[in-house]
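Asker: This is the structure, below, for whatever I ask next.
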Amino acid sequence: MTEPAIRVVGLGKSYATAAGDFPALKGVDLAIAAGEFVAIMGPSGSGKSTFMNLLGCLDTASCGDYFLTGRNVARLTGDELAAVRNQTIGFVFQGFNLLPRMSLEDNVALPLVYAGAERAARRAAARQQLARVGLADYAASLPSRISGGQQQRVAIARALVNSPRLLLADEPTGNLDSHTSEEIMRIFCDLNREGITVVLVTHENDIAAFAQRQVRFRDGLIVSDAPTPRTADAAC
Amino acid sequence: MLSAMLGEAWHAMGANRMRTALTMLGMVIGVGSVVLMMAIGQGAQYAVAQTISTMGSNLYIVISGSTSTGGVRSGGGGGPTLTVADAEAIATLDGVLNVAPVHQGTQQIVHGPNNWSSTVVGTTPPYLEARAWTITDGYPFGESDVRSATRVALIGQTAATNLFGAEDPLGQTIRIRQSPFLVIGVLGKKGQNLDGRDQDDTVIIPLTTAQRKVFGNPFPGAVRLIMVQANSPESMPAVETSVTALLRQRHRLRDGQDNDFFLRNLAAAADSAAETTRVMSVLLGAIASVSLLVGGIGIMNIMLVSVTERTREIGIRLAIGARRKDILSQFLLEALMISVAGCLIGLVLGLGGALLVNSLTNMAIVVSGAAVLVAFGVAAGIGIFFGYYPAHRAAALDPIEALRHQ
């Protein structure tokens, strides 16, 4: 059996509140194989965003283990986590999170700055990724000059610039209309077809329908984990 | 990596030009005033040092003391208590390099149609050595001139200009109290002394000639003062003791009786003048440094504002793989750029101000490389010191918290 892209064992996270520790995630077990396309679903407060932040190495777990392509990253220090975020994972946010003063090309190239790449290499890689999401002509524009859907495509290009094997997306279509949402989901489908493991959080069924597998959270626990029923329309 | 970060820091500074400029202004004023004040302070020190060096080194002046005749007390130099013989006796003491008895006063000097009031100094050849006074033209008089009371004169620059104009004074005749004197030498320029008196407004003649032809001394052999030069600063206290003992013995003063002469240490006067300007220079620098400090606090303030404003940006950077030290160095670099740029502008303005002060007031200005280097180093230090706290706060942000920040 090959090592899965993601394997979490008893992963839990508690937040200290005035009323004592609040367990947002209560010990979750899950394995996601390389090349899968998984949708994480659940109502707000179900722990899905906490889970996503742990998967994205933006946060550290209170208990449990997280094996990322076989390596336990649950106990890593801040700088080691930064390296994982930089090299292994691409993260796409609901709010796009582009730096407003930078050109699109510089935005896309930013992870490479922290990876220590040379200027010429950064430029080439950023242009290549912008072309991949169909925005090569806008390289010198500022994020405020393009539409929300285009901004999200730039954010995807940025997430891909270090050639990660894992793409995490936290409600990537939450701020977009349904037509644009479908465009973005098509990109995720294409990337998944190229072999990239995609995990996305959503609370919309028609977005989750693009994934092959749907994992539902409720009250900090996984309540269902099943393949997406094959229907005619959606799906990649 | 560094070039990318420099570029970003440059962008960040450019994003809020007015704010950056005002923050920089604090550093500009700070560095500018430090440079200007140091230039003025060091200029004053230099001017005093110049004046002191014209006085001659390790000098004592022995002045005849006060006398009291029928209840009327004269001040120092009033009584005829010092003699040429005293001077000759002092010359034999250990540690004494030069001794020159001096009889001086102000006299009207005439050359052709010009006349000029100048200090006439009657003395012996060691005087020039003790005062380290050079002859720029001609030659000094010797012991034989003193012995035979010849009418020769060495003329100072100011006196020469006023009496001769552009003419060459050498070989010409001047008249002091109706007596003709042959000008055999022109003295080198010395400038003002510590009291502000023009030392070049002087005519030096042999002591004996002064006593007989110019001042008409009623007490033959008496002199107003004796200049004593010790051979080193270390031997000065010993010379002071032995000169005092010798003169008391020669003047037959009993124990308990006051000295009938004063011993003035010129080096001490010079030291106190130098100390005064040194203190002034330190004070000026200290006051200016306060504005540098205020400039630094301005940088810290604006960097804290900037970190708060850019919390979300910091979150994004952390999320895509920036390490804490990347964030730290980014904000530190920004603070450093503001402070160094402010420092450079301040340096230029400070130097410009120093030149302006110099051209407007003739005040001596000294700009040392060390002062410029110190100002630069301090500015860089301030950038790092006051930039560190905001940068550290930025680097310590939690990525998720920062990303949620609106």
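Each chain of the structure tokens is named A, B, ... in the order shown, its residues numbered from 1; ligands are numbered from 1 in display order.
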Could you give me, as JSON, numbers by chain, each residue of stretch 6-178 of chain B that DSSP assigns to strand (DSSP E) when run on this structure's backbone?

Answerer: {"B": [59, 60, 61, 62, 63, 64, 68, 69, 72, 73, 82, 83, 96, 97, 98, 99, 100, 101, 102, 103, 104, 105, 106, 107, 108, 109, 110, 111, 114, 115, 116, 117, 118, 119, 120, 121, 122, 123, 135, 136, 137, 138, 152, 153, 154, 155, 173, 174, 175, 176]}

Asker: With a distance threshold of 12 Å and counting only C-alpha atoms, extract the residues of chain B near chain A and express them as a ChimeraX atom specification.

Answerer: /B:1-16,310-327,330,395-406

Asker: Would you save the residues from that selection as an mmCIF file, in the first residue's frame, using C-alpha atoms?

Answerer:
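The new file out_38.cif reads:
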```cif
data_model
loop_
_atom_site.group_PDB
_atom_site.id
_atom_site.type_symbol
_atom_site.label_atom_id
_atom_site.label_comp_id
_atom_site.auth_asym_id
_atom_site.auth_seq_id
_atom_site.Cartn_x
_atom_site.Cartn_y
_atom_site.Cartn_z
ATOM 1 C CA MET B 1 16.282 37.523 -1.940
ATOM 2 C CA LEU B 2 17.831 40.760 -0.611
ATOM 3 C CA SER B 3 17.193 42.648 -3.830
ATOM 4 C CA ALA B 4 13.557 41.493 -3.792
ATOM 5 C CA MET B 5 13.220 42.653 -0.198
ATOM 6 C CA LEU B 6 14.848 45.981 -0.940
ATOM 7 C CA GLY B 7 12.437 46.440 -3.808
ATOM 8 C CA GLU B 8 9.492 45.652 -1.559
ATOM 9 C CA ALA B 9 10.718 48.020 1.130
ATOM 10 C CA TRP B 10 11.045 50.691 -1.541
ATOM 11 C CA HIS B 11 7.477 50.001 -2.702
ATOM 12 C CA ALA B 12 6.153 50.130 0.840
ATOM 13 C CA MET B 13 7.857 53.480 1.398
ATOM 14 C CA GLY B 14 6.453 54.779 -1.866
ATOM 15 C CA ALA B 15 2.922 53.616 -1.033
ATOM 16 C CA ASN B 16 2.544 56.378 1.520
ATOM 17 C CA ARG B 310 -0.615 45.589 7.080
ATOM 18 C CA THR B 311 -1.590 42.786 9.448
ATOM 19 C CA ARG B 312 -3.520 41.031 6.688
ATOM 20 C CA GLU B 313 -0.589 41.347 4.302
ATOM 21 C CA ILE B 314 1.635 39.772 6.960
ATOM 22 C CA GLY B 315 -0.887 36.932 7.315
ATOM 23 C CA ILE B 316 -0.848 36.308 3.568
ATOM 24 C CA ARG B 317 2.920 36.286 3.486
ATOM 25 C CA LEU B 318 3.079 33.838 6.386
ATOM 26 C CA ALA B 319 0.459 31.618 4.713
ATOM 27 C CA ILE B 320 2.456 31.289 1.511
ATOM 28 C CA GLY B 321 5.648 30.349 3.300
ATOM 29 C CA ALA B 322 7.336 33.434 4.766
ATOM 30 C CA ARG B 323 9.341 32.551 7.863
ATOM 31 C CA ARG B 324 9.236 34.799 10.929
ATOM 32 C CA LYS B 325 12.687 36.111 10.152
ATOM 33 C CA ASP B 326 11.537 37.053 6.627
ATOM 34 C CA ILE B 327 8.804 39.244 8.107
ATOM 35 C CA GLN B 330 11.219 43.057 5.838
ATOM 36 C CA ALA B 395 6.877 38.610 12.948
ATOM 37 C CA ALA B 396 5.144 37.328 16.078
ATOM 38 C CA LEU B 397 1.669 37.522 14.502
ATOM 39 C CA ASP B 398 -0.326 34.321 14.272
ATOM 40 C CA PRO B 399 -0.997 33.537 10.585
ATOM 41 C CA ILE B 400 -4.685 32.715 11.078
ATOM 42 C CA GLU B 401 -5.355 35.737 13.290
ATOM 43 C CA ALA B 402 -3.525 37.937 10.804
ATOM 44 C CA LEU B 403 -5.497 36.540 7.869
ATOM 45 C CA ARG B 404 -8.791 37.233 9.638
ATOM 46 C CA HIS B 405 -7.757 40.836 10.272
ATOM 47 C CA GLN B 406 -9.790 43.258 8.177
#
```

Asker: Which one of B:Leu355, B:Ile345, B:Ile63, B:Leu328 sits closest to B:Val307 if you count only C-alpha atoms?

Answerer: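 Comparing B:Leu355, B:Ile345, B:Ile63, B:Leu328 against B:Val307, the winner is B:Leu328.
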
Asker: Stretch 184-189 of chain B: which residues within 6 Å, counting only C-alpha atoms, same-chain residues fewer than 2 positions away excluded, as a PyMOL selection string?

Answerer: chain B and resi 134-139+154-156+170-171

Asker: If we count only C-alpha atoms and set the cut-off at 10 Å, which residues sit around B:Ala354, ignoring sequence neighbours fewer than 4 positions away in its own chain? Please answer as a list in words.

Answerer: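 So the residues in contact are Gly32, Ser33, Val35, Leu36, Met37, Met38, Ala39, Ile40, Gly43, Val348, Leu349, Gly350, Asn358, Ser359, Leu360, Met363, Ala364, Ile365, Val366 and Val367 of chain B.
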
Asker: Please dump the current selection as an mmCIF file, in the first residue's frame; keep C-alpha atoms.

Answerer:
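Saved file out-v5.cif follows:
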```cif
data_model
loop_
_atom_site.group_PDB
_atom_site.id
_atom_site.type_symbol
_atom_site.label_atom_id
_atom_site.label_comp_id
_atom_site.auth_asym_id
_atom_site.auth_seq_id
_atom_site.Cartn_x
_atom_site.Cartn_y
_atom_site.Cartn_z
ATOM 1 C CA GLY B 32 21.398 67.539 10.338
ATOM 2 C CA SER B 33 21.514 69.205 13.738
ATOM 3 C CA VAL B 35 26.335 67.270 12.150
ATOM 4 C CA LEU B 36 25.925 71.048 12.325
ATOM 5 C CA MET B 37 26.392 71.253 16.092
ATOM 6 C CA MET B 38 29.415 68.951 16.008
ATOM 7 C CA ALA B 39 30.914 71.088 13.244
ATOM 8 C CA ILE B 40 30.410 74.251 15.281
ATOM 9 C CA GLY B 43 35.298 74.430 15.110
ATOM 10 C CA VAL B 348 23.915 66.977 3.274
ATOM 11 C CA LEU B 349 21.756 69.621 4.985
ATOM 12 C CA GLY B 350 23.976 69.633 8.086
ATOM 13 C CA ASN B 358 30.980 79.592 8.171
ATOM 14 C CA SER B 359 30.405 81.982 5.296
ATOM 15 C CA LEU B 360 27.958 84.185 7.236
ATOM 16 C CA MET B 363 32.976 81.038 12.754
ATOM 17 C CA ALA B 364 35.471 78.225 12.502
ATOM 18 C CA ILE B 365 33.816 75.017 11.271
ATOM 19 C CA VAL B 366 35.433 71.618 11.489
ATOM 20 C CA VAL B 367 33.720 68.646 9.868
#
```

Asker: Where does DSSP see alpha helix (DSSP H) in stretch 83-222 of chain B, if you list the residues as a list in words?

Answerer: Val84, Ala85, Asp86, Ala87, Glu88, Ala89, Ile90, Ala91, Pro126, Tyr127, Leu128, Glu129, Ala130, Glu143, Ser144, Asp145, Val146, Arg147, Gln157, Thr158, Ala159, Ala160, Thr161, Asn162, Leu163, Phe164, Leu207, Thr208 and Thr209 of chain B

Asker: What's around stretch 7-12 of chain A at 10 Å? Count only C-alpha atoms, leave out sequence neighbours fewer than 3 positions away in its own chain, and write the answer as a ChimeraX atom specification.

Answerer: /A:3-4,23-33,47,50-51,54-55,60-72,74,220-221

Asker: For B:Val374, find every residue with an atom within 12 Å (counting only C-alpha atoms), except residues of its own chain fewer than 3 positions away, and show them as a PDB file with all heavy atoms, in the first residue's frame.

Answerer:
```pdb
ATOM      1  N   VAL B  31      19.827  64.214  12.342  1.00  0.00           N
ATOM      2  CA  VAL B  31      21.189  64.054  11.837  1.00  0.00           C
ATOM      3  C   VAL B  31      21.767  65.409  11.429  1.00  0.00           C
ATOM      4  O   VAL B  31      22.923  65.719  11.725  1.00  0.00           O
ATOM      5  CB  VAL B  31      21.222  63.070  10.654  1.00  0.00           C
ATOM      6  CG1 VAL B  31      22.591  63.053  10.005  1.00  0.00           C
ATOM      7  CG2 VAL B  31      20.844  61.679  11.122  1.00  0.00           C
ATOM      8  N   VAL B  34      22.830  67.273  14.496  1.00  0.00           N
ATOM      9  CA  VAL B  34      24.033  66.690  15.111  1.00  0.00           C
ATOM     10  C   VAL B  34      25.270  67.084  14.308  1.00  0.00           C
ATOM     11  O   VAL B  34      26.270  67.535  14.867  1.00  0.00           O
ATOM     12  CB  VAL B  34      23.918  65.146  15.199  1.00  0.00           C
ATOM     13  CG1 VAL B  34      25.281  64.530  15.482  1.00  0.00           C
ATOM     14  CG2 VAL B  34      22.929  64.759  16.281  1.00  0.00           C
ATOM     15  N   VAL B  35      25.177  66.944  12.991  1.00  0.00           N
ATOM     16  CA  VAL B  35      26.335  67.270  12.150  1.00  0.00           C
ATOM     17  C   VAL B  35      26.706  68.749  12.284  1.00  0.00           C
ATOM     18  O   VAL B  35      27.867  69.111  12.461  1.00  0.00           O
ATOM     19  CB  VAL B  35      26.054  66.905  10.676  1.00  0.00           C
ATOM     20  CG1 VAL B  35      27.112  67.484   9.760  1.00  0.00           C
ATOM     21  CG2 VAL B  35      25.997  65.400  10.515  1.00  0.00           C
ATOM     22  N   MET B  38      28.068  69.504  15.852  1.00  0.00           N
ATOM     23  CA  MET B  38      29.415  68.951  16.008  1.00  0.00           C
ATOM     24  C   MET B  38      30.413  69.809  15.248  1.00  0.00           C
ATOM     25  O   MET B  38      31.528  70.056  15.718  1.00  0.00           O
ATOM     26  CB  MET B  38      29.471  67.514  15.484  1.00  0.00           C
ATOM     27  CG  MET B  38      28.564  66.561  16.210  1.00  0.00           C
ATOM     28  SD  MET B  38      29.404  65.544  17.431  1.00  0.00           S
ATOM     29  CE  MET B  38      30.001  64.209  16.434  1.00  0.00           C
ATOM     30  N   GLY B 285      26.363  68.712  21.043  1.00  0.00           N
ATOM     31  CA  GLY B 285      26.125  67.383  20.493  1.00  0.00           C
ATOM     32  C   GLY B 285      24.995  66.681  21.232  1.00  0.00           C
ATOM     33  O   GLY B 285      24.132  66.054  20.620  1.00  0.00           O
ATOM     34  N   SER B 289      21.517  65.428  19.801  1.00  0.00           N
ATOM     35  CA  SER B 289      21.212  63.993  19.851  1.00  0.00           C
ATOM     36  C   SER B 289      19.774  63.750  20.279  1.00  0.00           C
ATOM     37  O   SER B 289      19.161  62.761  19.889  1.00  0.00           O
ATOM     38  CB  SER B 289      22.139  63.276  20.820  1.00  0.00           C
ATOM     39  OG  SER B 289      23.463  63.519  20.465  1.00  0.00           O
ATOM     40  N   CYS B 343      19.102  60.032   7.119  1.00  0.00           N
ATOM     41  CA  CYS B 343      20.455  60.361   7.569  1.00  0.00           C
ATOM     42  C   CYS B 343      21.262  61.009   6.441  1.00  0.00           C
ATOM     43  O   CYS B 343      21.941  62.005   6.652  1.00  0.00           O
ATOM     44  CB  CYS B 343      21.142  59.098   8.054  1.00  0.00           C
ATOM     45  SG  CYS B 343      22.856  59.341   8.469  1.00  0.00           S
ATOM     46  N   LEU B 347      22.644  64.646   6.522  1.00  0.00           N
ATOM     47  CA  LEU B 347      24.087  64.860   6.409  1.00  0.00           C
ATOM     48  C   LEU B 347      24.374  66.003   5.441  1.00  0.00           C
ATOM     49  O   LEU B 347      25.154  66.918   5.730  1.00  0.00           O
ATOM     50  CB  LEU B 347      24.713  63.566   5.884  1.00  0.00           C
ATOM     51  CG  LEU B 347      26.062  63.142   6.402  1.00  0.00           C
ATOM     52  CD1 LEU B 347      26.033  63.047   7.916  1.00  0.00           C
ATOM     53  CD2 LEU B 347      26.439  61.795   5.816  1.00  0.00           C
ATOM     54  N   VAL B 367      34.506  69.841  10.104  1.00  0.00           N
ATOM     55  CA  VAL B 367      33.720  68.646   9.868  1.00  0.00           C
ATOM     56  C   VAL B 367      34.692  67.484   9.791  1.00  0.00           C
ATOM     57  O   VAL B 367      35.484  67.392   8.864  1.00  0.00           O
ATOM     58  CB  VAL B 367      32.917  68.755   8.562  1.00  0.00           C
ATOM     59  CG1 VAL B 367      32.164  67.465   8.325  1.00  0.00           C
ATOM     60  CG2 VAL B 367      31.954  69.919   8.635  1.00  0.00           C
ATOM     61  N   SER B 368      34.676  66.639  10.812  1.00  0.00           N
ATOM     62  CA  SER B 368      35.589  65.501  10.802  1.00  0.00           C
ATOM     63  C   SER B 368      34.864  64.309  10.203  1.00  0.00           C
ATOM     64  O   SER B 368      33.644  64.164  10.338  1.00  0.00           O
ATOM     65  CB  SER B 368      36.050  65.191  12.217  1.00  0.00           C
ATOM     66  OG  SER B 368      34.951  64.863  13.022  1.00  0.00           O
ATOM     67  N   GLY B 369      35.618  63.458   9.508  1.00  0.00           N
ATOM     68  CA  GLY B 369      35.050  62.225   8.962  1.00  0.00           C
ATOM     69  C   GLY B 369      34.438  61.401  10.071  1.00  0.00           C
ATOM     70  O   GLY B 369      33.417  60.758   9.887  1.00  0.00           O
ATOM     71  N   ALA B 370      35.086  61.457  11.252  1.00  0.00           N
ATOM     72  CA  ALA B 370      34.588  60.674  12.388  1.00  0.00           C
ATOM     73  C   ALA B 370      33.182  61.115  12.762  1.00  0.00           C
ATOM     74  O   ALA B 370      32.310  60.285  13.000  1.00  0.00           O
ATOM     75  CB  ALA B 370      35.527  60.829  13.575  1.00  0.00           C
ATOM     76  N   ALA B 371      32.928  62.432  12.778  1.00  0.00           N
ATOM     77  CA  ALA B 371      31.609  62.935  13.164  1.00  0.00           C
ATOM     78  C   ALA B 371      30.551  62.456  12.176  1.00  0.00           C
ATOM     79  O   ALA B 371      29.466  62.030  12.566  1.00  0.00           O
ATOM     80  CB  ALA B 371      31.622  64.463  13.214  1.00  0.00           C
ATOM     81  N   GLY B 377      26.369  56.035  11.672  1.00  0.00           N
ATOM     82  CA  GLY B 377      26.257  54.820  12.478  1.00  0.00           C
ATOM     83  C   GLY B 377      25.099  54.912  13.454  1.00  0.00           C
ATOM     84  O   GLY B 377      24.326  53.961  13.617  1.00  0.00           O
ATOM     85  N   VAL B 378      24.971  56.080  14.099  1.00  0.00           N
ATOM     86  CA  VAL B 378      23.900  56.268  15.075  1.00  0.00           C
ATOM     87  C   VAL B 378      22.540  56.174  14.378  1.00  0.00           C
ATOM     88  O   VAL B 378      21.614  55.547  14.887  1.00  0.00           O
ATOM     89  CB  VAL B 378      24.053  57.624  15.801  1.00  0.00           C
ATOM     90  CG1 VAL B 378      22.787  57.967  16.567  1.00  0.00           C
ATOM     91  CG2 VAL B 378      25.238  57.561  16.758  1.00  0.00           C
ATOM     92  N   ALA B 379      22.439  56.760  13.179  1.00  0.00           N
ATOM     93  CA  ALA B 379      21.170  56.720  12.449  1.00  0.00           C
ATOM     94  C   ALA B 379      20.804  55.281  12.089  1.00  0.00           C
ATOM     95  O   ALA B 379      19.659  54.860  12.263  1.00  0.00           O
ATOM     96  CB  ALA B 379      21.257  57.571  11.186  1.00  0.00           C
ATOM     97  N   ALA B 380      21.788  54.526  11.622  1.00  0.00           N
ATOM     98  CA  ALA B 380      21.535  53.123  11.293  1.00  0.00           C
ATOM     99  C   ALA B 380      21.139  52.373  12.564  1.00  0.00           C
ATOM    100  O   ALA B 380      20.195  51.568  12.566  1.00  0.00           O
ATOM    101  CB  ALA B 380      22.770  52.491  10.662  1.00  0.00           C
ATOM    102  N   GLY B 381      21.844  52.672  13.647  1.00  0.00           N
ATOM    103  CA  GLY B 381      21.542  52.037  14.923  1.00  0.00           C
ATOM    104  C   GLY B 381      20.124  52.355  15.370  1.00  0.00           C
ATOM    105  O   GLY B 381      19.390  51.478  15.834  1.00  0.00           O
ATOM    106  N   ILE B 382      19.733  53.607  15.193  1.00  0.00           N
ATOM    107  CA  ILE B 382      18.383  54.030  15.576  1.00  0.00           C
ATOM    108  C   ILE B 382      17.348  53.297  14.725  1.00  0.00           C
ATOM    109  O   ILE B 382      16.332  52.832  15.231  1.00  0.00           O
ATOM    110  CB  ILE B 382      18.239  55.563  15.434  1.00  0.00           C
ATOM    111  CG1 ILE B 382      18.839  56.224  16.671  1.00  0.00           C
ATOM    112  CG2 ILE B 382      16.781  55.971  15.254  1.00  0.00           C
ATOM    113  CD1 ILE B 382      18.808  57.723  16.632  1.00  0.00           C
TER     114      ILE B 382
END
```
